[in-house]
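Read through the structure below, which is laid out as structure tokens, and then see the notes.
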Amino acid sequence: MPRTIEEWMSLALWLAGAGHFAVLIASFQVPYRLRWKEDLAKLTPFNRRLMWVYGGFTVYTILSFGVLTLLLHDEMLHGERAALALSAFIGIYWLLRVVVDFTYFEHADWPRGNAFVAGHVLLTLLFVFLVVTYLGVSAWHWVT
């Protein structure tokens with residue numbers, strides 16, 4: 001069991017790195033569960049491709065966040081400047097995702113059903129954990 005702030009931060013970073021892969025597992029279900037085939041078919045071919053490109057770049061970004069966190073764990077933990085900048089960037093990315101969820105999306109827009117409600121709650125909790133971890137690591141080094 002972690003006893004010091006450094007041990008807690010270390011564990012949180014390992015979990016955050018792995019958490020990105022959990023986000024990806026959920027994201028790979030989105031096209032099927034949200035019936036993108038039907039919805040995207042209504043778009044022009046260019047806009048349909050554009051949506052797939054946006055989705056691909058989002059997947060690449062999340063994958064990169066996870067991989068870079070796992071590879072740069074020690075650098076983030078020990079407060080190396082570039083690693084802390086990356087940590088702050090990742091934290092702000094997920095913070096903006098949470099803000100968009102609460103301020104832009106309407107509750108009525110979300111798909112109905114217990115599975116969607118549970119998935120939304122679990123993903124939001126994971127996003128908040130990512131915000132707290134990455135901004136927490138950055139703040140911890142910037143104030144000490």
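In the structure tokens, the first chain shown is A, the next is B, and so on; residue numbers restart at 1 for each chain, and ligands run from 1 in the order shown.
Near stretch 89-97 of chain A, within 9 Å and counting only C-alpha atoms, sit A:Phe65, A:Leu84, A:Ala85, A:Leu86, A:Val100, A:Asp101, A:Phe102, A:Phe127, A:Val128, A:Leu130, A:Val131, A:Val132, A:Thr133, A:Tyr134, A:Leu135, A:Gly136, A:Ser138; same-chain residues fewer than 3 positions away were not included.
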Preceding selection exported with C-alpha atoms as a PDB file, in the first residue's frame:
ATOM      1  CA  PHE A  65      -1.451   9.510 -24.117  1.00  0.00           C
ATOM      2  CA  LEU A  84       5.348  17.815 -16.732  1.00  0.00           C
ATOM      3  CA  ALA A  85       4.311  19.873 -19.750  1.00  0.00           C
ATOM      4  CA  LEU A  86       2.937  16.700 -21.341  1.00  0.00           C
ATOM      5  CA  VAL A 100     -17.859  19.715 -22.765  1.00  0.00           C
ATOM      6  CA  ASP A 101     -19.792  16.772 -21.362  1.00  0.00           C
ATOM      7  CA  PHE A 102     -21.416  18.893 -18.656  1.00  0.00           C
ATOM      8  CA  PHE A 127     -12.024  11.164 -17.195  1.00  0.00           C
ATOM      9  CA  VAL A 128     -12.160  12.944 -13.826  1.00  0.00           C
ATOM     10  CA  LEU A 130      -7.313  11.368 -15.476  1.00  0.00           C
ATOM     11  CA  VAL A 131      -7.765  15.113 -14.860  1.00  0.00           C
ATOM     12  CA  VAL A 132      -6.919  14.797 -11.172  1.00  0.00           C
ATOM     13  CA  THR A 133      -3.920  12.559 -11.848  1.00  0.00           C
ATOM     14  CA  TYR A 134      -2.260  14.564 -14.615  1.00  0.00           C
ATOM     15  CA  LEU A 135      -2.980  18.022 -13.258  1.00  0.00           C
ATOM     16  CA  GLY A 136      -2.197  16.753  -9.769  1.00  0.00           C
ATOM     17  CA  SER A 138       1.936  18.778 -12.587  1.00  0.00           C
TER      18      SER A 138
END
Shell around stretch 62-64 of chain A at 8 Å using only C-alpha atoms, local window under 4 positions removed, as a ChimeraX atom specification: /A:20-21,23-24,58,68
Store the residues picked out above, limited to C-alpha atoms, as a PDB file, in the first residue's frame.
ATOM      1  CA  HIS A  20      -6.417   5.278 -21.668  1.00  0.00           C
ATOM      2  CA  PHE A  21      -6.655   1.739 -22.997  1.00  0.00           C
ATOM      3  CA  VAL A  23     -11.181   4.471 -22.928  1.00  0.00           C
ATOM      4  CA  LEU A  24     -10.136   2.927 -26.241  1.00  0.00           C
ATOM      5  CA  THR A  58      -8.935  10.940 -31.470  1.00  0.00           C
ATOM      6  CA  LEU A  68       3.603   8.099 -23.431  1.00  0.00           C
TER       7      LEU A  68
END
Test item: residues at most 12 Å from stretch 73-75 of chain A, only C-alpha atoms, excluding those fewer than 2 positions along its chain, as a ChimeraX atom specification: /A:6-7,9-18,65-71,77-87,134,137-138,141
For the residues selected in the previous step, produce a file with N, CA and C atoms as a tab-separated table (two decimals), in the first residue's frame.
chain	number	residue	atom	x	y	z
A	6	GLU	N	4.62	10.49	-3.27
A	6	GLU	CA	5.29	9.99	-4.47
A	6	GLU	C	4.81	8.59	-4.84
A	7	GLU	N	4.60	7.74	-3.85
A	7	GLU	CA	4.09	6.39	-4.13
A	7	GLU	C	2.66	6.45	-4.67
A	9	MET	N	1.33	9.04	-6.30
A	9	MET	CA	1.42	9.61	-7.64
A	9	MET	C	1.90	8.56	-8.64
A	10	SER	N	2.85	7.76	-8.21
A	10	SER	CA	3.36	6.70	-9.08
A	10	SER	C	2.26	5.73	-9.46
A	11	LEU	N	1.50	5.28	-8.47
A	11	LEU	CA	0.39	4.36	-8.73
A	11	LEU	C	-0.65	5.03	-9.63
A	12	ALA	N	-0.98	6.28	-9.34
A	12	ALA	CA	-1.98	6.99	-10.13
A	12	ALA	C	-1.54	7.11	-11.59
A	13	LEU	N	-0.26	7.38	-11.83
A	13	LEU	CA	0.23	7.48	-13.20
A	13	LEU	C	0.14	6.15	-13.92
A	14	TRP	N	0.50	5.05	-13.24
A	14	TRP	CA	0.38	3.73	-13.88
A	14	TRP	C	-1.08	3.45	-14.24
A	15	LEU	N	-1.99	3.75	-13.31
A	15	LEU	CA	-3.41	3.53	-13.56
A	15	LEU	C	-3.94	4.45	-14.66
A	16	ALA	N	-3.47	5.68	-14.69
A	16	ALA	CA	-3.91	6.63	-15.72
A	16	ALA	C	-3.43	6.16	-17.10
A	17	GLY	N	-2.18	5.72	-17.18
A	17	GLY	CA	-1.69	5.21	-18.45
A	17	GLY	C	-2.54	4.06	-18.94
A	18	ALA	N	-2.84	3.12	-18.06
A	18	ALA	CA	-3.68	1.98	-18.41
A	18	ALA	C	-5.11	2.41	-18.68
A	65	PHE	N	-1.46	9.11	-25.52
A	65	PHE	CA	-1.45	9.51	-24.12
A	65	PHE	C	-1.12	8.32	-23.22
A	66	GLY	N	-1.76	7.19	-23.49
A	66	GLY	CA	-1.50	6.00	-22.68
A	66	GLY	C	-0.07	5.51	-22.81
A	67	VAL	N	0.40	5.39	-24.05
A	67	VAL	CA	1.75	4.88	-24.29
A	67	VAL	C	2.79	5.84	-23.69
A	68	LEU	N	2.63	7.13	-23.95
A	68	LEU	CA	3.60	8.10	-23.43
A	68	LEU	C	3.61	8.15	-21.91
A	69	THR	N	2.47	7.99	-21.30
A	69	THR	CA	2.42	7.97	-19.83
A	69	THR	C	3.20	6.77	-19.31
A	70	LEU	N	2.98	5.61	-19.90
A	70	LEU	CA	3.69	4.42	-19.44
A	70	LEU	C	5.19	4.52	-19.71
A	71	LEU	N	5.57	5.07	-20.85
A	71	LEU	CA	6.99	5.21	-21.18
A	71	LEU	C	7.69	6.31	-20.38
A	77	LEU	N	6.92	11.46	-12.85
A	77	LEU	CA	6.98	11.32	-11.40
A	77	LEU	C	8.09	12.18	-10.79
A	78	HIS	N	9.21	12.29	-11.48
A	78	HIS	CA	10.35	13.03	-10.94
A	78	HIS	C	10.37	14.50	-11.37
A	79	GLY	N	9.35	14.92	-12.13
A	79	GLY	CA	9.17	16.34	-12.41
A	79	GLY	C	10.02	16.90	-13.53
A	80	GLU	N	10.43	16.06	-14.48
A	80	GLU	CA	11.19	16.60	-15.61
A	80	GLU	C	10.29	17.53	-16.41
A	81	ARG	N	10.86	18.62	-16.83
A	81	ARG	CA	10.08	19.73	-17.40
A	81	ARG	C	9.20	19.31	-18.59
A	82	ALA	N	9.76	18.63	-19.57
A	82	ALA	CA	8.97	18.23	-20.75
A	82	ALA	C	7.87	17.25	-20.36
A	83	ALA	N	8.18	16.35	-19.45
A	83	ALA	CA	7.18	15.37	-19.00
A	83	ALA	C	6.05	16.06	-18.24
A	84	LEU	N	6.39	17.07	-17.44
A	84	LEU	CA	5.35	17.81	-16.73
A	84	LEU	C	4.48	18.62	-17.70
A	85	ALA	N	5.09	19.16	-18.75
A	85	ALA	CA	4.31	19.87	-19.75
A	85	ALA	C	3.34	18.92	-20.43
A	86	LEU	N	3.81	17.71	-20.75
A	86	LEU	CA	2.94	16.70	-21.34
A	86	LEU	C	1.83	16.32	-20.36
A	87	SER	N	2.18	16.16	-19.11
A	87	SER	CA	1.19	15.82	-18.08
A	87	SER	C	0.12	16.91	-17.99
A	134	TYR	N	-3.23	13.81	-13.82
A	134	TYR	CA	-2.26	14.56	-14.62
A	134	TYR	C	-2.06	15.99	-14.11
A	137	VAL	N	-0.21	15.71	-10.70
A	137	VAL	CA	1.23	15.49	-10.83
A	137	VAL	C	1.93	16.79	-11.21
A	138	SER	N	1.33	17.51	-12.16
A	138	SER	CA	1.94	18.78	-12.59
A	138	SER	C	1.97	19.79	-11.44
A	141	HIS	N	4.53	19.13	-8.60
A	141	HIS	CA	5.92	19.54	-8.88
A	141	HIS	C	6.07	21.04	-9.01
Atom pair atom CA of A:Ile5 / atom CA of A:Leu72: separation (Å): 18.3 Å
All alpha helix (DSSP H) positions in chain A, as a ChimeraX atom specification: /A:5-27,30-33,36-40,45-71,73-77,81-103,114-143
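Each of A:Pro2, A:Ala22, A:Met51, A:Ala88 was checked against A:Trp36 using only C-alpha atoms; the smallest atom-to-atom distance is that of A:Met51.
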